[in-house]
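Here's structure.txt, which has compact mmCIF, C-alpha atoms and all ligand atoms:
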# COMPACT_ATOMS: atom_id res chain seq x y z
CA MET A 783 -10.54 25.13 25.94
CA LYS A 784 -10.60 24.19 29.62
CA MET A 785 -12.41 20.86 29.87
CA THR A 786 -11.81 19.83 33.44
CA SER A 787 -11.96 22.94 35.62
CA ALA A 788 -15.10 23.78 37.57
CA PRO A 789 -17.48 25.82 35.42
CA SER A 790 -18.77 27.93 38.29
CA GLY A 791 -16.65 29.70 40.84
CA GLY A 792 -14.47 32.71 41.56
CA SER A 793 -16.09 34.21 44.67
CA LYS A 794 -12.94 34.06 46.80
CA GLU A 795 -10.87 35.55 44.02
CA LEU A 796 -13.47 38.25 43.39
CA LEU A 797 -13.29 39.34 47.05
CA LYS A 798 -9.53 39.61 46.74
CA LEU A 799 -9.86 41.48 43.47
CA ALA A 800 -12.36 43.90 45.02
CA LYS A 801 -10.00 44.57 47.91
CA VAL A 802 -7.09 45.37 45.60
CA GLY A 803 -9.56 47.35 43.51
CA GLU A 804 -10.35 49.52 46.53
CA GLU A 805 -6.68 50.31 47.02
CA LEU A 806 -6.36 51.02 43.33
CA ASP A 807 -9.41 53.26 43.53
CA ARG A 808 -7.82 55.37 46.25
CA GLN A 809 -4.63 55.62 44.21
CA LEU A 810 -6.60 56.54 41.11
CA LEU A 811 -8.38 59.25 43.05
CA ARG A 812 -5.02 60.79 43.98
CA PHE A 813 -3.83 60.23 40.43
CA GLY A 814 -6.93 62.02 39.15
CA SER A 815 -6.39 65.10 41.26
CA ALA A 816 -2.71 65.20 40.30
CA PHE A 817 -3.79 65.03 36.69
CA GLU A 818 -6.25 67.86 37.25
CA ASP A 819 -3.42 69.98 38.66
CA TYR A 820 -1.41 69.13 35.58
CA GLN A 821 -4.20 70.17 33.24
CA ASN A 822 -4.70 73.42 35.14
CA ALA A 823 -1.03 74.24 34.70
CA GLN A 824 -1.52 75.01 30.97
CA PRO A 825 0.65 72.02 30.05
CA ASP A 826 2.68 71.75 26.86
CA LEU A 827 1.85 68.08 26.39
CA GLU A 828 -1.39 66.15 26.05
CA LEU A 829 -1.54 62.83 27.92
CA PRO A 830 -4.44 60.80 26.46
CA THR A 831 -3.57 57.50 28.18
CA THR A 832 -3.35 59.25 31.51
CA GLU A 833 -6.70 60.91 30.95
CA ALA A 834 -8.30 57.58 30.02
CA MET A 835 -6.98 56.10 33.27
CA THR A 836 -8.63 58.75 35.39
CA GLU A 837 -11.89 58.12 33.54
CA ALA A 838 -11.63 54.36 34.04
CA ARG A 839 -12.04 54.85 37.79
CA GLU A 840 -15.83 55.15 37.76
CA SER A 841 -16.39 52.05 35.63
CA LEU A 842 -13.94 50.05 37.74
CA ARG A 843 -15.84 50.96 40.90
CA ALA A 844 -19.25 50.27 39.37
CA GLU A 845 -18.21 46.99 37.81
CA LEU A 846 -16.66 45.59 40.98
CA ALA A 847 -19.62 46.71 43.09
CA SER A 848 -22.19 45.01 40.83
CA ALA A 849 -20.01 41.92 40.49
CA LEU A 850 -19.84 41.62 44.27
CA GLU A 851 -23.60 42.01 44.53
CA VAL A 852 -24.23 39.29 41.95
CA MET A 853 -21.62 37.00 43.48
CA ARG A 854 -23.29 37.31 46.89
CA LEU A 855 -26.59 36.25 45.32
CA ILE A 856 -24.91 33.33 43.57
CA ASP A 857 -23.21 32.24 46.80
CA SER A 858 -26.55 32.38 48.60
CA GLY A 859 -27.98 29.86 46.10
CA VAL A 860 -30.16 32.20 44.04
CA SER A 861 -32.15 30.33 41.39
CA VAL A 862 -31.83 31.14 37.72
CA ALA A 863 -33.47 30.23 34.43
CA ALA A 864 -31.82 27.22 32.76
CA THR A 865 -31.75 28.90 29.37
CA THR A 866 -31.48 32.40 27.99
CA GLN A 867 -34.48 34.13 26.42
CA ARG A 868 -33.42 32.74 23.06
CA GLY A 869 -33.71 29.25 24.54
CA ASN A 870 -29.99 28.50 24.62
CA PHE A 871 -28.30 26.86 27.59
CA TRP A 872 -25.96 29.53 28.93
CA THR A 873 -22.44 28.90 30.15
CA THR A 874 -20.14 30.97 32.32
CA PRO A 875 -18.58 33.48 32.31
CA LEU A 876 -21.68 35.64 31.94
CA THR A 877 -21.85 39.41 31.87
CA ILE A 878 -23.30 40.96 35.02
CA ASN A 879 -26.44 41.90 33.08
CA GLN A 880 -26.85 38.39 31.73
CA ALA A 881 -26.63 36.99 35.26
CA PHE A 882 -29.25 39.47 36.52
CA ARG A 883 -31.58 38.62 33.65
CA LEU A 884 -31.33 34.90 34.37
CA MET A 885 -32.27 35.56 38.01
CA GLU A 886 -35.28 37.62 36.94
CA GLN A 887 -36.42 34.85 34.63
CA ALA A 888 -36.21 32.12 37.25
CA SER A 889 -39.41 30.15 37.85
CA PRO A 890 -40.43 28.33 41.05
CA ASP A 891 -38.83 25.08 39.86
CA SER A 892 -35.58 26.69 38.72
CA LEU A 893 -32.29 25.38 40.11
CA GLY A 894 -29.60 27.28 41.97
CA PHE A 895 -27.05 29.15 39.88
CA ARG A 896 -24.09 26.83 40.51
CA ILE A 897 -26.06 23.62 39.97
CA GLN A 898 -27.48 25.02 36.75
CA ALA A 899 -24.05 26.25 35.63
CA ASP A 900 -22.57 22.77 36.14
CA SER A 901 -25.42 21.14 34.25
CA ASN A 902 -25.20 23.62 31.37
CA TYR A 903 -21.45 23.17 31.22
CA ALA A 904 -21.91 19.41 30.84
CA LYS A 905 -24.33 20.05 27.96
CA HIS A 906 -21.85 22.44 26.42
CA ILE A 907 -19.05 19.87 26.57
CA ALA A 908 -21.33 17.24 25.02
CA ARG A 909 -22.03 19.68 22.18
CA VAL A 910 -18.32 20.35 21.69
CA TYR A 911 -17.63 16.62 21.49
CA ARG A 912 -20.48 16.15 19.03
CA GLN A 913 -19.14 18.93 16.86
CA HIS A 914 -15.67 17.50 17.14
CA ALA A 915 -16.96 14.08 16.06
CA ALA A 916 -18.77 15.70 13.15
CA ALA A 917 -15.70 17.70 12.19
CA SER A 918 -13.36 14.72 12.33
CA SER A 919 -15.52 12.23 10.45
CA THR A 920 -14.01 11.35 7.09
CA CYS A 921 -15.71 11.06 3.73
CA GLY A 922 -15.12 7.40 2.82
CA ARG A 923 -16.33 7.89 -0.74
CA GLY A 924 -14.15 7.35 -3.78
CA ASN A 925 -11.11 5.31 -2.87
CA ASN A 926 -11.95 5.50 0.85
CA CYS A 927 -11.38 9.27 0.82
CA GLN A 928 -9.93 10.55 4.09
CA THR A 929 -11.00 14.18 3.63
CA ARG A 930 -13.32 15.58 6.29
CA THR A 931 -17.03 15.57 5.53
CA VAL A 932 -18.78 18.89 4.95
CA THR A 933 -20.77 20.51 7.74
CA TRP A 934 -24.42 19.75 7.11
CA PRO A 935 -26.76 21.86 9.27
CA GLY A 936 -29.26 19.68 11.09
CA ARG A 937 -27.16 16.52 10.74
CA THR A 938 -24.30 15.19 12.84
CA ARG A 939 -22.15 14.52 9.79
CA GLY A 940 -22.27 15.46 6.15
CA PRO A 941 -22.67 12.71 3.50
CA GLY A 942 -19.19 13.28 2.04
CA CYS A 943 -16.36 15.74 1.59
CA TRP A 944 -16.93 18.80 -0.61
CA ARG A 945 -15.33 17.06 -3.59
CA HIS A 946 -17.33 13.85 -3.29
CA LEU A 947 -20.82 15.26 -2.86
CA THR A 948 -23.23 14.26 -5.60
CA PRO A 949 -24.52 17.13 -7.77
CA GLU A 950 -27.88 16.82 -5.96
CA GLU A 951 -26.25 17.02 -2.52
CA ARG A 952 -24.18 19.98 -3.67
CA GLU A 953 -27.31 21.74 -4.83
CA GLU A 954 -29.20 20.91 -1.65
CA LEU A 955 -26.42 22.19 0.59
CA THR A 956 -26.03 25.36 -1.48
CA LYS A 957 -29.76 25.95 -1.00
CA ILE A 958 -29.40 25.52 2.78
CA TYR A 959 -26.68 28.20 2.79
CA ASP A 960 -28.72 30.57 0.63
CA LEU A 961 -31.90 30.00 2.61
CA ALA A 962 -30.11 30.67 5.91
CA VAL A 963 -29.06 34.08 4.58
CA GLU A 964 -32.49 34.86 3.13
CA LYS A 965 -34.54 33.63 6.05
CA GLY A 966 -33.06 35.32 9.06
CA PRO A 967 -30.55 37.71 10.58
CA CYS A 968 -27.19 36.45 11.86
CA GLU A 969 -26.72 36.47 15.61
CA ALA A 970 -22.96 36.19 15.19
CA CYS A 971 -22.23 39.13 12.87
CA GLN A 972 -25.51 41.01 13.36
CA VAL A 973 -26.47 41.38 9.70
CA SER A 974 -30.14 41.51 8.74
CA PRO A 975 -32.00 38.90 6.63
CA GLY A 976 -30.86 38.87 3.01
CA LYS A 977 -27.43 40.30 3.81
CA PRO A 978 -24.44 37.93 3.54
CA CYS A 979 -22.46 37.19 6.70
CA ASP A 980 -19.63 39.53 7.56
CA GLU A 981 -16.53 37.37 7.87
CA ASN A 982 -14.52 40.23 9.34
CA ALA A 983 -17.00 41.01 12.10
CA GLU A 984 -15.54 40.75 15.58
CA PRO A 985 -16.48 37.35 17.09
CA LYS A 986 -19.51 37.81 19.34
CA ASN A 987 -20.16 35.87 22.52
CA ILE A 988 -23.56 34.24 22.03
CA ASP A 989 -24.66 32.77 25.34
CA GLY A 990 -21.09 31.76 26.11
CA TRP A 991 -20.30 30.42 22.65
CA PHE A 992 -18.52 31.81 19.60
CA SER A 993 -19.99 30.74 16.29
CA PRO A 994 -17.44 29.67 13.66
CA ILE A 995 -17.98 30.49 9.99
CA ARG A 996 -18.71 27.71 7.48
CA LYS A 997 -17.90 27.91 3.79
CA PHE A 998 -19.46 26.09 0.88
CA ASN A 999 -19.69 26.80 -2.83
CA LYS A 1000 -18.37 30.38 -2.51
CA ARG A 1001 -20.74 31.11 0.38
CA SER A 1002 -19.63 31.96 3.92
CA VAL A 1003 -22.21 31.74 6.68
CA HIS A 1004 -21.90 31.60 10.48
CA LEU A 1005 -22.76 28.16 11.84
CA ILE A 1006 -25.34 29.59 14.26
CA ARG A 1007 -27.24 31.14 11.33
CA LEU A 1008 -27.15 27.84 9.42
CA GLU A 1009 -28.36 25.91 12.46
CA ALA A 1010 -31.12 28.44 13.15
CA SER A 1011 -32.46 28.09 9.62
CA VAL A 1012 -32.91 24.31 9.88
CA ALA A 1013 -34.07 24.24 13.52
ZN ZN B 1 -14.26 12.62 -0.30
ZN ZN B 2 -22.95 35.87 10.30
Would it be possible to restate this file's structure as structure tokens?
Ligand SMILES: [Zn+2]
Ligand SMILES: [Zn+2]
Amino acid sequence: MKMTSAPSGGSKELLKLAKVGEELDRQLLRFGSAFEDYQNAQPDLELPTTEAMTEARESLRAELASALEVMRLIDSGVSVAATTQRGNFWTTPLTINQAFRLMEQASPDSLGFRIQADSNYAKHIARVYRQHAAASSTCGRGNNCQTRTVTWPGRTRGPGCWRHLTPEEREELTKIYDLAVEKGPCEACQVSPGKPCDENAEPKNIDGWFSPIRKFNKRSVHLIRLEASVA
């Protein structure tokens, strides 16, 4: 993870990208008509990659145009909501739609995009450090056991490693895992309440963050689902 670079930027590079994109667009247009000629020639060979490239032209144009529009607003100091609708502090990079939504949800006392992005980034880093501290804290039970403590939703560190939990703690933590699955859907793997988390689901960007999976007592649950259930 990049810890030191500026969390908000890219307007100069986007302008450059858009310029090259325009050249590419003209080339793709020519490419598209050459491909059309090819297809009209009753060709012996199918060219799926080539076809996909001619179709990519429209989305390239649309994406760069909206990105430029949003970037102009950001550069002009547009104000945005500090959090997403779910109440999470967002971090960049955002999708174009996410950026638009944050602008729509701005209130009169909202901050400018870049100031808010910096502030949210600082919060994000603090969270990463907290999680790192929690993940690197050692058990200490037994003969000063050096195994990492378990993740305990709602607490900074678990009371011990998975081997040194008391039977009561083991039962309590198992219940937290089961309750998280019963109580709500999972934002990370998109399963509905009652359904176990899908470990093979493609990682989903949740407000700029990817939720890891946590395992305990033969249960596997995304951290965001565990946290949501004790919030
Ligand atoms: Zn231990
Ligand atoms: Zn999940």
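Interatomic distance, atom CA of Asn870 of chain A against atom CA of Ala844 of chain A: 28.4 Å.
Using all atoms listed in the file, we find that the residues with an atom at most 9 Å from any atom of ligand ZN 2 (chain B) are Val963, Pro967, Cys968, Glu969, Ala970, Cys971, Gln972, Val973, Pro978, Cys979, Asp980, Glu981, Ala983, Ser993, Pro994, Ile995, Ser1002, Val1003, His1004, Leu1005, Ile1006 and Arg1007 of chain A.
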With a cut-off of 12 Å, could you pull out the residues of chain A touching ligand ZN 1 (chain B) and give me the nearest pair of atoms for each, distance in Å to one decimal, using all atoms listed in the file, ordered by chain and ascending number, as CSV?
residue,atom,partner,partner_atom,distance
A:Ser919,CA,B:ZN1,ZN,10.8
A:Thr920,CA,B:ZN1,ZN,7.5
A:Cys921,CA,B:ZN1,ZN,4.6
A:Gly922,CA,B:ZN1,ZN,6.1
A:Arg923,CA,B:ZN1,ZN,5.2
A:Gly924,CA,B:ZN1,ZN,6.3
A:Asn925,CA,B:ZN1,ZN,8.4
A:Asn926,CA,B:ZN1,ZN,7.6
A:Cys927,CA,B:ZN1,ZN,4.6
A:Gln928,CA,B:ZN1,ZN,6.5
A:Thr929,CA,B:ZN1,ZN,5.3
A:Arg930,CA,B:ZN1,ZN,7.3
A:Thr931,CA,B:ZN1,ZN,7.1
A:Val932,CA,B:ZN1,ZN,9.3
A:Gly940,CA,B:ZN1,ZN,10.7
A:Pro941,CA,B:ZN1,ZN,9.2
A:Gly942,CA,B:ZN1,ZN,5.5
A:Cys943,CA,B:ZN1,ZN,4.2
A:Trp944,CA,B:ZN1,ZN,6.7
A:Arg945,CA,B:ZN1,ZN,5.6
A:His946,CA,B:ZN1,ZN,4.5
A:Leu947,CA,B:ZN1,ZN,7.5
A:Thr948,CA,B:ZN1,ZN,10.5
So that I have them on file, write out the residues from the current selection with C-alpha atoms, as a PDB file, keeping the file's coordinate frame.
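This is the output file part_37.pdb:
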ATOM      1  CA  SER A 919     -15.520  12.230  10.450  1.00  0.00           C
ATOM      2  CA  THR A 920     -14.010  11.350   7.090  1.00  0.00           C
ATOM      3  CA  CYS A 921     -15.710  11.060   3.730  1.00  0.00           C
ATOM      4  CA  GLY A 922     -15.120   7.400   2.820  1.00  0.00           C
ATOM      5  CA  ARG A 923     -16.330   7.890  -0.740  1.00  0.00           C
ATOM      6  CA  GLY A 924     -14.150   7.350  -3.780  1.00  0.00           C
ATOM      7  CA  ASN A 925     -11.110   5.310  -2.870  1.00  0.00           C
ATOM      8  CA  ASN A 926     -11.950   5.500   0.850  1.00  0.00           C
ATOM      9  CA  CYS A 927     -11.380   9.270   0.820  1.00  0.00           C
ATOM     10  CA  GLN A 928      -9.930  10.550   4.090  1.00  0.00           C
ATOM     11  CA  THR A 929     -11.000  14.180   3.630  1.00  0.00           C
ATOM     12  CA  ARG A 930     -13.320  15.580   6.290  1.00  0.00           C
ATOM     13  CA  THR A 931     -17.030  15.570   5.530  1.00  0.00           C
ATOM     14  CA  VAL A 932     -18.780  18.890   4.950  1.00  0.00           C
ATOM     15  CA  GLY A 940     -22.270  15.460   6.150  1.00  0.00           C
ATOM     16  CA  PRO A 941     -22.670  12.710   3.500  1.00  0.00           C
ATOM     17  CA  GLY A 942     -19.190  13.280   2.040  1.00  0.00           C
ATOM     18  CA  CYS A 943     -16.360  15.740   1.590  1.00  0.00           C
ATOM     19  CA  TRP A 944     -16.930  18.800  -0.610  1.00  0.00           C
ATOM     20  CA  ARG A 945     -15.330  17.060  -3.590  1.00  0.00           C
ATOM     21  CA  HIS A 946     -17.330  13.850  -3.290  1.00  0.00           C
ATOM     22  CA  LEU A 947     -20.820  15.260  -2.860  1.00  0.00           C
ATOM     23  CA  THR A 948     -23.230  14.260  -5.600  1.00  0.00           C
TER      24      THR A 948
END
Distance in Å - atom CA of Phe895 of chain A versus atom CA of Lys986 of chain A: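 Atom-to-atom, atom CA of Phe895 of chain A and atom CA of Lys986 of chain A are spaced 23.5 Å apart.
Using all atoms listed in the file, the contacts of segment 955-957 of chain A at a cut-off of 9 Å, with sequence neighbours closer than 4 positions omitted, comprise Trp934, Pro935, Glu950, Glu951, Leu961, Ala962, Phe998, Asn999 and Arg1001 of chain A.
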Please indicate the distance in Å from atom CA of Pro875 of chain A to atom CA of Gln887 of chain A, rounded to one decimal place.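 The value is 18.0 Å.
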Compare A:Asn982, A:Ser848, A:Gln913, A:Ser861 by their minimum atom-to-atom distance to Ala800 of chain A, counting only C-alpha atoms, and give me the closest one. A:Ser848
With distances taken over all atoms listed in the file, which residue among A:Tyr959, A:His914, A:Gln867, A:Glu828 lies nearest Arg883 of chain A?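 Among the listed residues, A:Gln867 lies closest to Arg883 of chain A.
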Please determine, counting all atoms listed in the file, which residue among A:Arg996, A:Arg896, A:Arg909, A:Lys794 has the shortest atom-to-atom distance to Thr933 of chain A.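 Closest to Thr933 of chain A of all the choices is A:Arg996.
The smallest atom-to-atom distance between Arg843 of chain A and any of A:Arg952, A:Arg868, A:Lys1000, A:Lys801, using only C-alpha atoms, is found for A:Lys801.
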Please provide as a ChimeraX atom specification all residues within 9 Å of Trp872 of chain A, with the sequence filter that same-chain residues fewer than 3 positions apart are discarded (counting only C-alpha atoms). /A:864-866,869,876,899,902-903,906,988-991
